[in-house]
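J.: Here you go, one structure.
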Amino acid sequence: MSRREAPALLVARDVTVAYGKVAAVCGVSFDIRLGEVVSIVGPNGAGKTTLLAGLMGLLPLRGEVERFGKGAVPPPTVEQLVRAGMGLIPERRELFATLSVEDNLRLGGFDRWRQGERDGATDLANIYALFPQLRERRHQQAATLSGGERQMLAMGRALMARPKLLLLDEPSLGLAPLVTREIFRIIDRLRTEGVSILLVEQNASAALQLADYAYVMESGSFVLEGPAAELARNERVIEAYLGLAPVEGPRKLQRETAKQQV
Amino acid sequence: MNLDIALWLSQDAITNGAVYALLAIALVLVYTVTRIIFVPQGEFISFAALSLASLQAGQVPGTVYLLIAGGILVVAADSVGLPRAVALQRLPGRLIRQMALPLAAGGIAWWSASRPDDLWLQIVATLAIVTPLGPMVYRLAFQPIAHASVLVLLIVAVAVHYVLTGMGLVFFGGEGLRSNPYSSLSFNVGVLNVTAQSLLIVFASVTLMAALWFVFERTLYGKALNATAINRTGAQLIGVSPSFSGQLSFALAAFIAAISGLLIAPTTTVYYDTGFLISLKGFVGATVGGMASYPLAVVGSLLVGFLEAGSSFWWSAFKDSLVFTLIVPVLLWRSLATPHSEGDERQ
Amino acid sequence: MRASWVTALGLAGLLCAGGASGQEITIGVTMGTTGPGASLGINYKNAFQLMPNAIDGVPIKYVILEDGSDPTAAAKNARQLVAENHVDALMGAVSVPSTTQIALIAEETKTPLIALAPVALPPEKLGWVFIVPQPVPLMMGAVVDDLKSKSIKTVGYIGFSDSWGDLVLKALKQSADPAGIKIVDEERYARADTAVTGQIVKILIAKPDAVVVGGSGTGGALPQIALRDRGYKGPVYHNHGTINREFIKVGGAAVDGAIAPTGPLMVAEELPDSHPVKKVAVDFDQAYEKIFGAGSRNAFAGYSYDGFLLLKAAIPAALKAGKPGTPEFRQALRDALESGQAVVGVHGVYTQTKSDHIGLDGRAVVLAVVDGGAWRLLKK
Amino acid sequence: MKARLPPMIAIAAIAAAPLLLSDYYIILMNYIGLASLVALGLVLLTGVAGLTSFGQAAFVGLGAYATAVVTTRYGWSPWLGLAVGMTLTATAALFLGFITLRLSDQYLPLGTIAWGISIYFAFGNLVFLGEHSGIPGIPPLSLFGWTIDTGWRLYLVIWLVVLLALLAARNLLDSRIGRAIRTLNGHARMAESFGVDTGRLKIIVFVYSALLASLAGWLYAHFLRYVSPSPFGINAGIDYLFMAVIGGSGHIWGAVAGASILTLMREWLKDILPHLLGRNGNYEIIVFGLLVVLLLHRTSSGLMPFLVRMLPGGRLLRPVAAAPLPQRPRLARGETLLAIDRVSKSFGAIGAVRELSFELKAGGIVGLIGPNGAGKSTVFNLATGLLPVTAGSIMFRGQRIERLGSREIAELGIARTFQHPNLLADRSALENAAIGAHLRGEAGLIAASLRLERAEEARLRDEAARQLERVGLGANLHDAAGSLPLGSQRILEIARALCADPLLLLLDEPAAGLRHLEKQALAALLRDLRDDGVSILLVEHDMNFLMGLADRVLVMEFGRLIADGPPHAVQSDPAVLEAYLGVAA
């Protein structure tokens, strides 16, 4: 619980995000503290992705958001947020499909490079150390990668900007279970390296295992919140999000996530 | 028709095709990065050619004033929406940043106009005047509506074309101008009388294409542009804003157009509205490449060059008709080659 | 919303309808100073700065509207001038299609039109239309005479792919055929073309003794430059649309020796004093160059001015018949215009009659040649 | 659907105009009317169907030149000129449409630019068209001995034609064909899966808009009595597009608004600028361009939506009840409905579906589950003809369908929903649902324009309303689909599919985004449908939802079927547990 007492990196109060004409997120409030993994779980269509897009400046957001201790008027642009130390790994990954793996990574450090930081090579080496598979494929086009490698590349690209706060949207989406575990292991490691993480996941079981604190989102609002371990024991969460209870199968049977790629 | 004639026409086709290819590349660049069909490209060609001719006549071209006015408007546009105190506080910095280039370009132009024989200075001045106009046009006309539909962007592009054409007429008048030849050398290769001028055009085009290739393949700025063309959201997430890539692509495109203008300025009479038709032919070339592929755009432009040379020989009255009808067989071929098309689907 | 719109429209219409008072002559002009005709239109329009504001003490007002060289816009302008400004006479425009379009309106509304460009209508449809520029056949006839005198048997033609290119070619054929001169090749090019190599190569293959260019203004220089680049040594003829100083500026050494027919205006000082047009032309040139700079003289400004001179000669008679702004005045103006009075203009002597609404003769043509960077009278 | 008031005001204003306006403004109105006709074609083509054309001026030219040649060269009647012009235009548009419309949408503008420019040069170079000098001496129109040669007579004729064209366009858009036309703008796949022949429809709209332009050309020729190439060049084509976009390219009255604004803006600039600037000059074009840029910065969807917002909306009622549409005979329970036999689908090297086989019997609810990327949506796309199979066969009621297009499959009685709701966001729920019933009507473009299909249309609408009420969206009939919550949009998709009267319903994640009670309602609806003889195959991730509902569950992993059986058996299947957990159970 100690991480909850750390200073807040991001505080959102009464945030509403509209997608088109529909307010997909209505009046949610939450905070993320330094060195913490905060998870938002909930069913498909609950508004999780929309919330992340709003936080990252990709969609217009109403309400108050303090990032890194500062509010801002007018709302900052995506690029300003990237520079301030926020990173988003979107559900669709949004890689540069026809560029090589290495180019994708180097572009991840584009803003730092533009600011005159010429330490991209070190960052690149770190990323390759974290994801050895990417090193092997560094001259391949991103489009030719497997689903897991794409997720790694997306994470690697975001890390190249040395973010302080990383927003992850469905990192396990479309991945084989083994790969999913690998990804979650890396998320855990990032936390130990001091990156704070907001994790949106349908795979509630895995997310709650990893997270320090969690929110349950349904139809655009938070319906439950609490330390992740407590939520994982909550009856309602168990029934609704942790799979097939009260059935005879293993308790951690995970449900599939919904949006698929093919 | 014999071989000599074929050679004559080919030489012409290649020199013209090289210019069209440059323009086609700029059109593809701007379209893939910003979804804007860069109609005002033609005006940048005319502006460059006519500015050069004006400088050679010892006059400061009107485009300089346009550049300075544009700089002021950009500062104003950047300050809109900010609280007054913030706007005032940032004003001096902005003025210095935005006005430095226009004023420097103006200074060079003024200096150059007083030295009508210094060709290099004239070229530098022309490039310095025309290139910054590109990002200014993007900033003022397109950046506020960067998310609009392709159709709206196109209509705005046409409107900007009207504005710039009108200004071209005000600055340079209705009659055409022609600048001094860079070199009057020519030599005979077989039956061909090759002018240094046409060699220069081909050489400059190839060099510029190679330079662009280098920029896109080897520099992070070029890759960032390319990345925007591939995935707009992805580009935003690495800190490349649409306005950054838009201004950068417009700067490159204006630079390419300015070079094209400089190349054709001594070979033909340039009017305030000449650029539009030239750029339209580059557009045909780009179309052959589906507005997406640089190599195919170059091939298409050379094709336009050859078709133009050929039809001006055989059937000159219908030349332009033929050149633009070229699109139809290309479309027919594409239509037969891709029997089933899904159209766009908003997923 | 639409209702208030239309009301606003209506009010605007009513307000505009007031217009011309009885004691002022209104001349409506439609002109393209943008678009493809811009280079001519600007010159046409410049001349209006030289025109006086009164004739015989009656104030005269010029309403000049822009048509962007587009015939539909020209027609709109002509309608506006007639319906809103109640003009007593129309003047315009820069191209054959635009002028033809307003000629139809002049006929329909019974308003005299001083046509500043040729009109593509049969003479019986020109009851209210008076044409200023020398007919192209008259000019090209002079070219053919010169060809004949030089015993030239074959010519190649290269002209604009627009109505001007059509007209010059047609006129050239008209005079060349009876003279036994063969047109061995006909080529077209666009003003905006950057090269005419294909056309020139084709002309060179036909080996004509001379080449005639059907361009106008600076646009006429491109073929001659290309011809000289490719080593063509024969004479190159142009037409009366070509002559101005920009042509020489753009063409440089390559257009040295270019020959073109023109009105006396362009070489007025060199004409013998006996030439009836000399004085008027020299005066106009001096006045024009005073405003627009030395060497700025051009044929098109002269056409506008001649148009004015024609009106000036006719207006006193018309004033006797009716008040400006009335149909009677316009009718009388037309009658006066075709009264057969000889009007000395800067391009020639106009004797317009009921059957001839052009009224120019050989005095309206001289041949000029580029010599030492300027247009000079071609000495026979 | 919008309030009737604004058009009535506009029509009244147009009728009253001759009394209010000066002669010159009458003539200006004639120009506006002509331009409105062309812009109206573009509103349909560009605004509604999403296809951009720069070549409309060339079609105007065809119409104008055709009648000019017919009347001056041959001395025939202008009415014959109209027929010739329309025929020529239709032929040209068919050819051009045929080669460009099959390609993706960006090619049409390019094709029309080419067409616009080349026909301009062709007009100018053909001797029998008078070359660049054009054809003078075109006679005026006459009607029952009444010569239409003056401003206000022409005004009446032109605006009568414009109003009729507007009426026809409004009727057209408010019909079965009109709904199908709206789907062309980015929803072609959805439309095809409800039986809309989008390829053919695109060509029809293109020809329709070309004919409107040609009609304007015919009027132009007899109004100005002289044709020359320049009014039909590419600049004019761009101008017409300007009008449509500025007016608001989705609204038929936007054509009139755009034509008026542009024409009047030009006129006023011409008159005002010399006074403002104190000098004559060519500044009109600069100011004009700037105004257009500013206008589009303010309102990028054009003026019309802006104007419409300022007007009161009308009250909307449920469509009146009409005789129900005929239904397909239901199948006997247990009859084999769909048989998928060793079907494979690969995208490049990736096999999305591998050697998949299963059968569906009539009268059941079958769930299809599996981890992401297992190939579930691909199965839907294969079964509905949106994707071609790489190998294998698919039979529907004993007929092979794997080579059929989605349209033919829709006709056989398969309807589907989409994972991401594929709706016309601006249109009402009712209109969206009615698209589903496309194949249950047959009235075409002409019948729709003339309102000869009202009986059929009433039945289609009633059906749509009934299906919406059935799924629980009865209160939202007239809400824009895009304004509904995501869950309701999915339900709307079901209503649309039901409008097709399907035998087999394929539902892609229908319960996503629904609250608990809504899920229960959905389950009840699906059971009800099953009892009604509709078979259902649904992809779903909510196991709780599926457990109580499905008779049978299929489990896919990496393109293969790994389990098949009653829900509870599947749930404890070791292969399924392994797929979800990644460990051998």
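Each chain of the structure tokens is named A, B, ... in the order shown, its residues numbered from 1; ligands are numbered from 1 in display order.
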Skip segment 28-35 of chain A itself and residues of its chain fewer than 2 positions away, then list as a PyMOL selection string all residues within 6 Å of it, counting only C-alpha atoms.
T.: chain A and resi 6-15+26+191+194-196+221
J.: Could you write out that same residue set with N, CA, C and O atoms as a compact mmCIF listing (two decimals), in the first residue's frame?
T.:
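Output file again_13.txt is given in full below:
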# COMPACT_ATOMS: atom_id res chain seq x y z
N ALA A 6 2.79 7.80 -2.19
CA ALA A 6 3.77 8.56 -3.00
C ALA A 6 3.07 9.78 -3.61
O ALA A 6 1.84 9.82 -3.69
N PRO A 7 3.84 10.77 -4.00
CA PRO A 7 3.22 11.95 -4.62
C PRO A 7 2.48 11.56 -5.91
O PRO A 7 2.88 10.63 -6.62
N ALA A 8 1.39 12.30 -6.21
CA ALA A 8 0.58 11.96 -7.39
C ALA A 8 1.24 12.48 -8.65
O ALA A 8 1.74 13.61 -8.69
N LEU A 9 1.25 11.61 -9.66
CA LEU A 9 1.75 12.04 -10.98
C LEU A 9 0.62 12.63 -11.80
O LEU A 9 0.81 13.53 -12.60
N LEU A 10 -0.53 12.02 -11.63
CA LEU A 10 -1.66 12.47 -12.42
C LEU A 10 -2.90 12.44 -11.55
O LEU A 10 -3.16 11.44 -10.87
N VAL A 11 -3.61 13.56 -11.52
CA VAL A 11 -4.85 13.62 -10.77
C VAL A 11 -5.94 14.08 -11.72
O VAL A 11 -5.81 15.13 -12.35
N ALA A 12 -6.98 13.25 -11.85
CA ALA A 12 -8.09 13.62 -12.73
C ALA A 12 -9.33 13.81 -11.88
O ALA A 12 -9.62 12.98 -11.03
N ARG A 13 -10.03 14.92 -12.10
CA ARG A 13 -11.25 15.18 -11.35
C ARG A 13 -12.40 15.41 -12.31
O ARG A 13 -12.33 16.29 -13.16
N ASP A 14 -13.42 14.58 -12.15
CA ASP A 14 -14.66 14.80 -12.89
C ASP A 14 -14.42 14.94 -14.39
O ASP A 14 -14.81 15.91 -15.03
N VAL A 15 -13.75 13.91 -14.93
CA VAL A 15 -13.35 13.99 -16.33
C VAL A 15 -14.42 13.37 -17.23
O VAL A 15 -14.93 12.29 -16.95
N CYS A 26 -18.01 9.53 -18.44
CA CYS A 26 -18.76 10.60 -17.78
C CYS A 26 -18.27 10.81 -16.35
O CYS A 26 -18.49 9.96 -15.50
N ARG A 191 7.95 -0.93 -13.71
CA ARG A 191 7.57 -0.28 -12.46
C ARG A 191 8.78 -0.20 -11.52
O ARG A 191 9.02 0.82 -10.91
N GLY A 194 10.90 2.59 -12.08
CA GLY A 194 10.41 3.91 -11.73
C GLY A 194 9.40 4.51 -12.70
O GLY A 194 9.04 5.67 -12.58
N VAL A 195 8.94 3.73 -13.69
CA VAL A 195 7.91 4.24 -14.59
C VAL A 195 6.55 3.96 -13.97
O VAL A 195 6.28 2.83 -13.56
N SER A 196 5.73 4.99 -13.87
CA SER A 196 4.38 4.76 -13.37
C SER A 196 3.52 4.33 -14.55
O SER A 196 3.74 4.77 -15.68
N SER A 221 -18.45 5.02 -16.36
CA SER A 221 -18.19 5.51 -15.01
C SER A 221 -17.45 4.46 -14.20
O SER A 221 -17.52 3.27 -14.50
J.: Find the residues around Leu333 of chain C up to 8 Å (only C-alpha atoms counted), leave out those fewer than 2 positions away in its own chain, and share them as a VMD selection string.
T.: chain C and resid 112 311 314 to 315 317 to 318 329 to 331 335 to 337
J.: Atoms to include: N, CA, C and O atoms. Write the selected residues as a PDB file, in the first residue's frame.
T.:
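For reference, result_30.pdb as written:
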ATOM      1  N   PRO C 112     -25.339  50.300 -78.243  1.00  0.00           N
ATOM      2  CA  PRO C 112     -24.157  50.260 -79.108  1.00  0.00           C
ATOM      3  C   PRO C 112     -22.985  49.628 -78.364  1.00  0.00           C
ATOM      4  O   PRO C 112     -22.769  49.889 -77.187  1.00  0.00           O
ATOM      5  N   LEU C 311     -16.617  56.972 -80.236  1.00  0.00           N
ATOM      6  CA  LEU C 311     -17.758  57.466 -79.470  1.00  0.00           C
ATOM      7  C   LEU C 311     -17.764  58.991 -79.427  1.00  0.00           C
ATOM      8  O   LEU C 311     -18.789  59.640 -79.590  1.00  0.00           O
ATOM      9  N   ALA C 314     -19.195  60.453 -82.310  1.00  0.00           N
ATOM     10  CA  ALA C 314     -20.626  60.224 -82.545  1.00  0.00           C
ATOM     11  C   ALA C 314     -21.509  60.920 -81.516  1.00  0.00           C
ATOM     12  O   ALA C 314     -22.670  61.209 -81.787  1.00  0.00           O
ATOM     13  N   ILE C 315     -20.973  61.172 -80.354  1.00  0.00           N
ATOM     14  CA  ILE C 315     -21.801  61.658 -79.252  1.00  0.00           C
ATOM     15  C   ILE C 315     -22.474  63.017 -79.532  1.00  0.00           C
ATOM     16  O   ILE C 315     -23.672  63.176 -79.268  1.00  0.00           O
ATOM     17  N   ALA C 317     -23.696  64.319 -82.136  1.00  0.00           N
ATOM     18  CA  ALA C 317     -24.907  64.147 -82.933  1.00  0.00           C
ATOM     19  C   ALA C 317     -25.992  63.479 -82.103  1.00  0.00           C
ATOM     20  O   ALA C 317     -27.173  63.860 -82.177  1.00  0.00           O
ATOM     21  N   ALA C 318     -25.574  62.486 -81.300  1.00  0.00           N
ATOM     22  CA  ALA C 318     -26.560  61.757 -80.510  1.00  0.00           C
ATOM     23  C   ALA C 318     -27.198  62.646 -79.455  1.00  0.00           C
ATOM     24  O   ALA C 318     -28.390  62.520 -79.164  1.00  0.00           O
ATOM     25  N   PHE C 329     -31.360  58.120 -77.233  1.00  0.00           N
ATOM     26  CA  PHE C 329     -29.961  58.499 -77.279  1.00  0.00           C
ATOM     27  C   PHE C 329     -29.130  57.365 -77.864  1.00  0.00           C
ATOM     28  O   PHE C 329     -28.274  57.567 -78.719  1.00  0.00           O
ATOM     29  N   ARG C 330     -29.411  56.136 -77.413  1.00  0.00           N
ATOM     30  CA  ARG C 330     -28.619  54.999 -77.883  1.00  0.00           C
ATOM     31  C   ARG C 330     -28.835  54.781 -79.384  1.00  0.00           C
ATOM     32  O   ARG C 330     -27.913  54.504 -80.121  1.00  0.00           O
ATOM     33  N   GLN C 331     -30.103  54.928 -79.792  1.00  0.00           N
ATOM     34  CA  GLN C 331     -30.410  54.767 -81.207  1.00  0.00           C
ATOM     35  C   GLN C 331     -29.644  55.820 -82.023  1.00  0.00           C
ATOM     36  O   GLN C 331     -29.005  55.510 -83.027  1.00  0.00           O
ATOM     37  N   ASP C 335     -26.748  55.465 -84.901  1.00  0.00           N
ATOM     38  CA  ASP C 335     -26.859  56.083 -86.217  1.00  0.00           C
ATOM     39  C   ASP C 335     -25.644  56.955 -86.492  1.00  0.00           C
ATOM     40  O   ASP C 335     -25.102  56.966 -87.602  1.00  0.00           O
ATOM     41  N   ALA C 336     -25.206  57.663 -85.459  1.00  0.00           N
ATOM     42  CA  ALA C 336     -24.056  58.547 -85.647  1.00  0.00           C
ATOM     43  C   ALA C 336     -22.792  57.735 -85.890  1.00  0.00           C
ATOM     44  O   ALA C 336     -21.938  58.112 -86.687  1.00  0.00           O
ATOM     45  N   LEU C 337     -22.686  56.605 -85.196  1.00  0.00           N
ATOM     46  CA  LEU C 337     -21.495  55.775 -85.360  1.00  0.00           C
ATOM     47  C   LEU C 337     -21.381  55.255 -86.789  1.00  0.00           C
ATOM     48  O   LEU C 337     -20.292  55.112 -87.330  1.00  0.00           O
TER      49      LEU C 337
END
J.: Find the residues near Leu199 of chain A: any atom within 12 Å, counting only C-alpha atoms, skip ones fewer than 5 places away on the same chain, and give them as a count of residues only.
T.: 42
J.: Could you go through segment 44-220 of chain A and tell me which residues DSSP, when run on the backbone, assigns to strand (DSSP E or B), listing them as a PyMOL selection string?
T.: chain A and resi 61-67+70+86-89+100+141+165-169+196-201+213-218
J.: What gap, in Å, lies between atom CA of Ala332 of chain D and atom CA of Ala362 of chain D?
T.: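 Atom CA of Ala362 of chain D lies 6.8 Å from atom CA of Ala332 of chain D.
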J.: Nearest to Ala511 of chain D among A:Ala18, A:Leu61, A:Ala46, A:Ala23, with distances taken over only C-alpha atoms: which residue is it?
T.: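 The answer is A:Ala46, which sits nearest to Ala511 of chain D.
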J.: Return the neighbours of chain B among the residues of chain C, cut-off 10 Å, counting only C-alpha atoms, as a VMD selection string.
T.: chain C and resid 33 to 43 158 to 162 186 to 203 205 217 to 223 225 to 226 229 to 230 244 246 to 247 249 to 252
J.: Residues of chain A near chain B: apply a cut-off of 7 Å, count only C-alpha atoms, and supply the list as JSON, numbers by chain.
T.: {"A": [78, 79, 82, 88, 94, 95, 96, 107, 108, 110, 111]}
J.: Write the selection just made, keeping C-alpha atoms, as a PDB file, in the first residue's frame?
T.:
ATOM      1  CA  VAL A  78      -0.336  15.207 -27.537  1.00  0.00           C
ATOM      2  CA  GLU A  79       3.095  16.471 -28.429  1.00  0.00           C
ATOM      3  CA  VAL A  82       4.957  13.430 -24.890  1.00  0.00           C
ATOM      4  CA  LEU A  88       0.488   5.986 -24.672  1.00  0.00           C
ATOM      5  CA  GLU A  94      -0.215   2.394 -34.301  1.00  0.00           C
ATOM      6  CA  LEU A  95       3.207   1.264 -35.506  1.00  0.00           C
ATOM      7  CA  PHE A  96       4.849   2.548 -38.672  1.00  0.00           C
ATOM      8  CA  LEU A 107      11.428   7.495 -34.079  1.00  0.00           C
ATOM      9  CA  GLY A 108      10.191   6.786 -30.568  1.00  0.00           C
ATOM     10  CA  PHE A 110      12.378  11.601 -32.070  1.00  0.00           C
ATOM     11  CA  ASP A 111      11.241  14.301 -29.696  1.00  0.00           C
TER      12      ASP A 111
END
J.: Distance table requested - chain D against chain C, cut-off 8 Å, only C-alpha atoms: one row per qualifying residue with the closest atom pair and its distance in Å to one decimal, ordered by chain and rising residue number, as a Markdown table.
T.:
| residue | atom | partner | partner_atom | distance |
| --- | --- | --- | --- | --- |
| D:Pro6 | CA | C:Arg2 | CA | 7.7 |
| D:Ile9 | CA | C:Ala3 | CA | 6.2 |
| D:Ala10 | CA | C:Arg2 | CA | 5.6 |
| D:Ala13 | CA | C:Ala3 | CA | 5.7 |
| D:Ile14 | CA | C:Val6 | CA | 7.9 |
| D:Ala17 | CA | C:Val6 | CA | 7.3 |
| D:Leu20 | CA | C:Gly10 | CA | 5.4 |
| D:Leu21 | CA | C:Gly10 | CA | 4.7 |
| D:Ser22 | CA | C:Gly13 | CA | 5.3 |
| D:Asp23 | CA | C:Ala83 | CA | 6.1 |
| D:Tyr24 | CA | C:Ala83 | CA | 5.3 |
| D:Tyr25 | CA | C:Gly13 | CA | 6.2 |
| D:Ile27 | CA | C:Arg79 | CA | 7.6 |
| D:Leu28 | CA | C:Lys76 | CA | 7.4 |
| D:Gly124 | CA | C:Asp162 | CA | 6.9 |
| D:Asn125 | CA | C:Ser161 | CA | 7.7 |
| D:Glu131 | CA | C:Ser163 | CA | 7.1 |
| D:His132 | CA | C:Ser163 | CA | 4.4 |
| D:Ser133 | CA | C:Ser163 | CA | 5.2 |
| D:Gly134 | CA | C:Pro97 | CA | 6.9 |
| D:Pro136 | CA | C:Leu121 | CA | 6.5 |
| D:Gly137 | CA | C:Leu121 | CA | 7.9 |
| D:Leu224 | CA | C:Gln101 | CA | 7.5 |
| D:Arg225 | CA | C:Leu104 | CA | 7.8 |
| D:Tyr226 | CA | C:Gln101 | CA | 6.6 |
| D:Ser228 | CA | C:Pro97 | CA | 6.1 |
| D:Ser230 | CA | C:Asp70 | CA | 6.5 |
| D:Pro231 | CA | C:Thr72 | CA | 6.2 |
| D:Lys270 | CA | C:Glu66 | CA | 6.7 |
| D:Asp271 | CA | C:Leu65 | CA | 7.7 |
| D:Gly281 | CA | C:Thr33 | CA | 7.5 |
| D:Asn282 | CA | C:Thr34 | CA | 6.3 |
| D:Leu307 | CA | C:Met1 | CA | 7.5 |
J.: Looking only at helix (DSSP H, G or I) from DSSP on the backbone, list the matching residues of segment 148-284 of chain C as a PyMOL selection string.
T.: chain C and resi 148-149+163-179+197-206+217-229+245-255+264-270+278-284
J.: Just give me the gap between atom CA of Leu45 of chain D and atom CA of Asn432 of chain D in Å, one decimal is fine.
T.: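 Atom-to-atom, atom CA of Leu45 of chain D and atom CA of Asn432 of chain D are spaced 19.9 Å apart.
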J.: I want to know what sits within 12 Å of Pro92 of chain B, based on only C-alpha atoms, with residues of the same chain fewer than 5 positions away left out; could you give that as a PyMOL selection string?
T.: chain B and resi 72+75-76+79+86-87+97-100
J.: Mind pulling up the distance from atom CA of Thr46 of chain D to atom CA of His222 of chain D?
T.: 27.8 Å
J.: Between C:Ile248, C:Val255, C:Ala260, C:Ala103, which has the minimum distance to Gly214 of chain C (counting only C-alpha atoms)?
T.: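 Once distances to Gly214 of chain C are computed over only C-alpha atoms, the minimum belongs to C:Ala260.
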J.: Please list as a ChimeraX atom specification every residue within 8 Å of segment 524-533 of chain D, counting only C-alpha atoms and excluding residues in the same chain fewer than 2 positions away.
T.: /D:330-331,333,362-365,470-471,503,520-522,535-536,549
J.: Could you save the residues just selected, with N, CA, C and O atoms, as a compact mmCIF listing (two decimals), in the first residue's frame?
T.:
# COMPACT_ATOMS: atom_id res chain seq x y z
N ARG D 330 -40.39 -20.01 -42.74
CA ARG D 330 -39.40 -20.45 -41.76
C ARG D 330 -39.03 -21.90 -42.01
O ARG D 330 -39.79 -22.66 -42.61
N LEU D 331 -37.88 -22.28 -41.51
CA LEU D 331 -37.41 -23.63 -41.76
C LEU D 331 -37.82 -24.56 -40.63
O LEU D 331 -38.03 -24.13 -39.50
N ARG D 333 -37.21 -26.99 -37.73
CA ARG D 333 -36.16 -27.10 -36.76
C ARG D 333 -35.29 -28.30 -37.08
O ARG D 333 -35.78 -29.37 -37.42
N ALA D 362 -31.05 -25.46 -38.22
CA ALA D 362 -32.03 -24.38 -38.08
C ALA D 362 -32.60 -24.38 -36.66
O ALA D 362 -32.76 -25.44 -36.06
N GLY D 363 -32.89 -23.18 -36.17
CA GLY D 363 -33.62 -23.07 -34.93
C GLY D 363 -32.80 -23.14 -33.67
O GLY D 363 -33.27 -23.61 -32.65
N GLY D 364 -31.59 -22.68 -33.71
CA GLY D 364 -30.80 -22.71 -32.48
C GLY D 364 -30.04 -21.43 -32.27
O GLY D 364 -29.96 -20.57 -33.16
N ILE D 365 -29.51 -21.27 -31.07
CA ILE D 365 -28.60 -20.17 -30.80
C ILE D 365 -27.24 -20.79 -30.52
O ILE D 365 -27.11 -21.61 -29.61
N ARG D 470 -39.34 -3.73 -31.46
CA ARG D 470 -39.11 -5.09 -30.98
C ARG D 470 -37.81 -5.19 -30.17
O ARG D 470 -37.75 -5.87 -29.16
N VAL D 471 -36.76 -4.49 -30.63
CA VAL D 471 -35.49 -4.59 -29.91
C VAL D 471 -35.41 -3.58 -28.76
O VAL D 471 -34.41 -3.54 -28.06
N LEU D 503 -33.01 -15.74 -42.22
CA LEU D 503 -33.15 -17.08 -41.66
C LEU D 503 -32.02 -17.34 -40.68
O LEU D 503 -32.18 -18.07 -39.72
N GLN D 520 -30.07 -8.79 -20.18
CA GLN D 520 -31.17 -9.72 -19.99
C GLN D 520 -32.23 -9.53 -21.06
O GLN D 520 -32.76 -10.50 -21.60
N ALA D 521 -32.49 -8.28 -21.38
CA ALA D 521 -33.48 -7.99 -22.41
C ALA D 521 -33.01 -8.54 -23.76
O ALA D 521 -33.80 -9.10 -24.52
N LEU D 522 -31.72 -8.39 -24.01
CA LEU D 522 -31.19 -8.89 -25.27
C LEU D 522 -31.34 -10.41 -25.34
O LEU D 522 -31.76 -10.96 -26.37
N SER D 535 -32.44 -18.56 -36.88
CA SER D 535 -31.28 -19.21 -36.27
C SER D 535 -30.22 -18.14 -36.01
O SER D 535 -30.10 -17.19 -36.78
N ILE D 536 -29.49 -18.31 -34.94
CA ILE D 536 -28.55 -17.25 -34.54
C ILE D 536 -27.18 -17.84 -34.27
O ILE D 536 -27.05 -18.87 -33.59
N LEU D 549 -27.83 -18.80 -22.51
CA LEU D 549 -28.57 -18.50 -23.74
C LEU D 549 -28.35 -19.55 -24.82
O LEU D 549 -29.30 -20.03 -25.46
J.: Could you list, with a cut-off of 6 Å and counting only C-alpha atoms, the residues of chain D near chain B, each shown with its nearest atom pair and the distance in Å rounded to one decimal, rows sorted by chain and ascending number, as a Markdown table?
T.:
| residue | atom | partner | partner_atom | distance |
| --- | --- | --- | --- | --- |
| D:Ile99 | CA | B:Leu332 | CA | 5.4 |
| D:Leu103 | CA | B:Ser335 | CA | 5.9 |
| D:Ser104 | CA | B:Gly343 | CA | 4.7 |
| D:Ala114 | CA | B:Phe324 | CA | 4.9 |
| D:Ser118 | CA | B:Ser321 | CA | 4.0 |
| D:Phe121 | CA | B:Ser321 | CA | 5.6 |
| D:Gly186 | CA | B:Glu345 | CA | 5.0 |
| D:His187 | CA | B:Glu345 | CA | 5.8 |
| D:Ile285 | CA | B:Gly166 | CA | 5.7 |
| D:Ile286 | CA | B:Val163 | CA | 4.1 |
| D:Gly289 | CA | B:Ala159 | CA | 4.5 |
| D:Val293 | CA | B:Val156 | CA | 5.5 |
